[in-house]
Amino acid sequence: MKPIIDYIKQFIYTIDKRILVLVSVLSALLIFLNYNYGIEKYIGQHYSFSQRFLCWYGIFLLAFALPYLLCRLLQKKKYIAQPRFLVLLFLAPAIFSLKISLDIPLHFMDNANWNNYWNHVFYWPLLVIITTSILFIIWKIVDTDQPFYGIKTKGMNWKPYGLMLLIMLPLVAAASTQPDFLAVYPKIKTIAGVYHEQGIHWWHKLLFELSYGSDFITIELFFRGFLILAFIKWAGKDAILPMACFYCTIHFGKPLGECISSYFGGMILGIIVYNTRSILGGLMVHLGVAWMMELGGYIGNGW
């Protein structure tokens with residue numbers, strides 16, 4: 001745990017405090033606008049695929065590019081003008097806008113809840129394939145001098161990440177006793193809607209959890225892998241705050257506390273990846289916490 005704490009201390013000590021404050025204010029402003037005016041809900045309910053894509057692209061580009069612009073204005077950083085940097089800067093929001101806007105409805109059966117269940121079971125792994133393929137092509141073109149965006153185990157110390165999960169265990173256990181938590185978890189209840197359907201078995205739940213977990217592979221590979229490790233050749237540690245702000249916006253629609261904490265959590269995971277050059281420890285923590293919350297939901301709801 002000490003190395004991770006040292007990474008965080010070093011980042012706080014060396015980061016430009018003006019940029020840290022301004023990016024934090026930008027994240028807070030975006031959160032305020034979304035949760036007061038229902039931007040995320042309106043986009044999801046009223047717009048077609050192309051309109052959703054353009055709206056999310058605008059939000060993600062603002063969250064991702066503005067922090068870099070602040071670095072240019074306040075620190076006179078010249079990497080902003082590099083052609084490859086600019087291409088990736090404008091391409092990154094497009095990739096995740098595609099991911100969040102893509103809807104491939106498949107008809108498996110007439111029961112709406114079961115049909116929704118099977119759509120989700122197929123949808124999340126499909127997004128892993130699509131996103132990973134796009135990032136692999138980018139990596140082959142511009143980044144083959146490093147492992148594929150943080151997929152490496154060499155030199156990894158797994159103990160700090162296990163300790164982080166142990167620290168989270170009592171917190172998740174405490175949350176699992178609260179009605180608002182149990183109203184949301186497990187996700188199969190709120191996302192797929194089949195929690196109380198007849199004919200649901202343990203393997204349906206397990207399959208859903210494996211599919212749900214695959215989405216965290218997409219998220220870690222994109223945010224901590226691509227947005228950190230593809231950009232540090234130009235930006236160094238300046239890549240962390242734009243990623244954290246961008247990461248915060250994908251939590252619009254989640255409980256307010258979860259959205260706010262995602263900014264700080266994203267920053268911490270970004271700091272770890274910046275120093276270790278591996279996303280696997282962060283993936284272990286992210287996925288471990290997610291599945292602990294799922295398990296807490298099952299136990300709290302009486303299975």
# chains A, B, ... in the order shown; residues from 1 in each chain; ligands from 1
>>> residues_around(residues="Thr276 (chain A)", least_positions_apart="2", cutoff="12 Å", atoms="only C-alpha atoms", output="MDAnalysis selection string")
chainID A and resid 3:4 7 149:158 224:225 228:229 269:274 278:282
>>> residues_around(residues="Gly297 (chain A)", least_positions_apart="6", cutoff="6 Å", atoms="only C-alpha atoms", output="count of residues only")
3
>>> select_by_dssp(residues="region 119-249 of chain A", states="alpha helix (DSSP H)", output="PyMOL selection string")
chain A and resi 119-142+159-175+179-182+187+202-220+232-235+240-249
>>> residues_around(residues="Thr190 (chain A)", least_positions_apart="4", cutoff="12 Å", atoms="only C-alpha atoms", output="list of chain:residue names")
A:Asn113, A:Asn116, A:Tyr117, A:His120, A:Phe181, A:Leu182, A:Ala183, A:Val184, A:Tyr185, A:Pro186, A:Val194, A:Tyr195, A:His196, A:Lys254, A:Glu294, A:Gly297
>>> closest_atom_pairs(of="region 46-115 of chain A", to="region 20-37 of chain A", cutoff="10 Å", atoms="only C-alpha atoms", output="Markdown table")
| residue | atom | partner | partner_atom | distance |
| --- | --- | --- | --- | --- |
| A:Ile59 | CA | A:Leu30 | CA | 8.7 |
| A:Leu62 | CA | A:Leu26 | CA | 9.4 |
| A:Ala63 | CA | A:Ser27 | CA | 7.4 |
| A:Phe64 | CA | A:Val23 | CA | 9.8 |
| A:Leu66 | CA | A:Val23 | CA | 8.4 |
| A:Pro67 | CA | A:Val23 | CA | 6.0 |
| A:Tyr68 | CA | A:Val23 | CA | 9.6 |
| A:Leu70 | CA | A:Leu22 | CA | 8.2 |
>>> write_last_selection(atoms="C-alpha atoms", output="short mmCIF file (atom, residue, chain, number, x, y, z; two decimals), in the first residue's frame")
data_model
loop_
_atom_site.label_atom_id
_atom_site.label_comp_id
_atom_site.auth_asym_id
_atom_site.auth_seq_id
_atom_site.Cartn_x
_atom_site.Cartn_y
_atom_site.Cartn_z
CA ILE A 59 -19.82 16.46 -23.59
CA LEU A 62 -15.42 19.30 -23.47
CA ALA A 63 -14.46 17.19 -20.43
CA PHE A 64 -11.35 15.77 -22.09
CA LEU A 66 -10.60 21.60 -22.01
CA PRO A 67 -8.16 20.40 -19.30
CA TYR A 68 -5.49 20.07 -21.99
CA LEU A 70 -5.85 24.85 -19.71
#
>>> residues_around(residues="region 207-211 of chain A", least_positions_apart="6", cutoff="7 Å", atoms="only C-alpha atoms", output="JSON, numbers by chain")
{"A": [121, 124, 125]}
>>> write_last_selection(atoms="C-alpha atoms", output="mmCIF file, in the first residue's frame")
data_model
loop_
_atom_site.group_PDB
_atom_site.id
_atom_site.type_symbol
_atom_site.label_atom_id
_atom_site.label_comp_id
_atom_site.auth_asym_id
_atom_site.auth_seq_id
_atom_site.Cartn_x
_atom_site.Cartn_y
_atom_site.Cartn_z
ATOM 1 C CA VAL A 121 -25.545 -10.658 -21.763
ATOM 2 C CA TRP A 124 -21.279 -5.967 -22.918
ATOM 3 C CA PRO A 125 -18.882 -8.604 -24.345
#
>>> closest_residue(among="A:Met1, A:Leu163, A:Cys259, A:Leu135", to="Val285 (chain A)", atoms="only C-alpha atoms")
A:Leu163
>>> residues_around(residues="Leu98 (chain A)", least_positions_apart="4", cutoff="9 Å", atoms="only C-alpha atoms", output="PDB file with N, CA and C atoms, in the first residue's frame")
ATOM      1  N   PHE A  49     -29.738   7.407 -32.499  1.00  0.00           N
ATOM      2  CA  PHE A  49     -28.330   7.026 -32.323  1.00  0.00           C
ATOM      3  C   PHE A  49     -27.381   8.147 -32.726  1.00  0.00           C
ATOM      4  N   PHE A  53     -24.960  10.168 -30.248  1.00  0.00           N
ATOM      5  CA  PHE A  53     -23.511  10.163 -30.494  1.00  0.00           C
ATOM      6  C   PHE A  53     -22.959  11.583 -30.486  1.00  0.00           C
ATOM      7  N   TRP A  56     -23.155  13.179 -26.862  1.00  0.00           N
ATOM      8  CA  TRP A  56     -22.127  12.643 -25.971  1.00  0.00           C
ATOM      9  C   TRP A  56     -20.736  13.052 -26.422  1.00  0.00           C
ATOM     10  N   TYR A  57     -20.541  13.117 -27.734  1.00  0.00           N
ATOM     11  CA  TYR A  57     -19.232  13.544 -28.233  1.00  0.00           C
ATOM     12  C   TYR A  57     -18.918  14.959 -27.752  1.00  0.00           C
ATOM     13  N   PRO A  93     -12.887  10.897 -27.609  1.00  0.00           N
ATOM     14  CA  PRO A  93     -14.315  11.042 -27.263  1.00  0.00           C
ATOM     15  C   PRO A  93     -15.241  10.341 -28.249  1.00  0.00           C
ATOM     16  N   ALA A  94     -14.819  10.261 -29.514  1.00  0.00           N
ATOM     17  CA  ALA A  94     -15.651   9.595 -30.522  1.00  0.00           C
ATOM     18  C   ALA A  94     -15.766   8.099 -30.228  1.00  0.00           C
ATOM     19  N   LEU A 102     -24.187   3.154 -28.857  1.00  0.00           N
ATOM     20  CA  LEU A 102     -24.508   1.992 -29.683  1.00  0.00           C
ATOM     21  C   LEU A 102     -25.613   1.153 -29.056  1.00  0.00           C
TER      22      LEU A 102
END
>>> closest_residue(among="A:Ile80, A:Ile104, A:Cys71, A:Ala290", to="Lys233 (chain A)", atoms="only C-alpha atoms")
A:Ile80
>>> closest_residue(among="A:Phe60, A:His286, A:Leu169, A:Asp16", to="Ile250 (chain A)", atoms="only C-alpha atoms")
A:Phe60
>>> residues_around(residues="Ala244 (chain A)", least_positions_apart="2", cutoff="9 Å", atoms="only C-alpha atoms", output="list in words")
Ser27, Ala63, Phe64, Phe223, Ala239, Ile240, Leu241, Pro242, Phe246, Tyr247, Cys248, Thr249, Ser262, Tyr263, Phe264, Gly265, Gly266, Met267, Ile268, Leu269 and Gly270 of chain A
>>> write_last_selection(atoms="C-alpha atoms", output="PDB file, in the first residue's frame")
ATOM      1  CA  SER A  27     -15.958  18.396 -13.242  1.00  0.00           C
ATOM      2  CA  ALA A  63     -14.459  17.194 -20.430  1.00  0.00           C
ATOM      3  CA  PHE A  64     -11.351  15.768 -22.092  1.00  0.00           C
ATOM      4  CA  PHE A 223      -9.575   5.198 -19.621  1.00  0.00           C
ATOM      5  CA  ALA A 239      -2.701  13.107 -18.925  1.00  0.00           C
ATOM      6  CA  ILE A 240      -4.214  12.136 -15.566  1.00  0.00           C
ATOM      7  CA  LEU A 241      -6.628  15.021 -14.899  1.00  0.00           C
ATOM      8  CA  PRO A 242      -8.233  15.115 -18.392  1.00  0.00           C
ATOM      9  CA  PHE A 246     -13.780  12.504 -18.842  1.00  0.00           C
ATOM     10  CA  TYR A 247     -14.251   9.432 -16.617  1.00  0.00           C
ATOM     11  CA  CYS A 248     -16.527  11.398 -14.309  1.00  0.00           C
ATOM     12  CA  THR A 249     -18.934  12.216 -17.158  1.00  0.00           C
ATOM     13  CA  SER A 262     -15.607   8.596  -9.758  1.00  0.00           C
ATOM     14  CA  TYR A 263     -13.590  11.766 -10.414  1.00  0.00           C
ATOM     15  CA  PHE A 264     -11.307  11.108  -7.449  1.00  0.00           C
ATOM     16  CA  GLY A 265     -11.266   7.350  -8.020  1.00  0.00           C
ATOM     17  CA  GLY A 266     -10.377   7.861 -11.666  1.00  0.00           C
ATOM     18  CA  MET A 267      -7.574  10.202 -10.653  1.00  0.00           C
ATOM     19  CA  ILE A 268      -6.121   7.671  -8.196  1.00  0.00           C
ATOM     20  CA  LEU A 269      -6.290   4.824 -10.723  1.00  0.00           C
ATOM     21  CA  GLY A 270      -4.705   7.107 -13.317  1.00  0.00           C
TER      22      GLY A 270
END
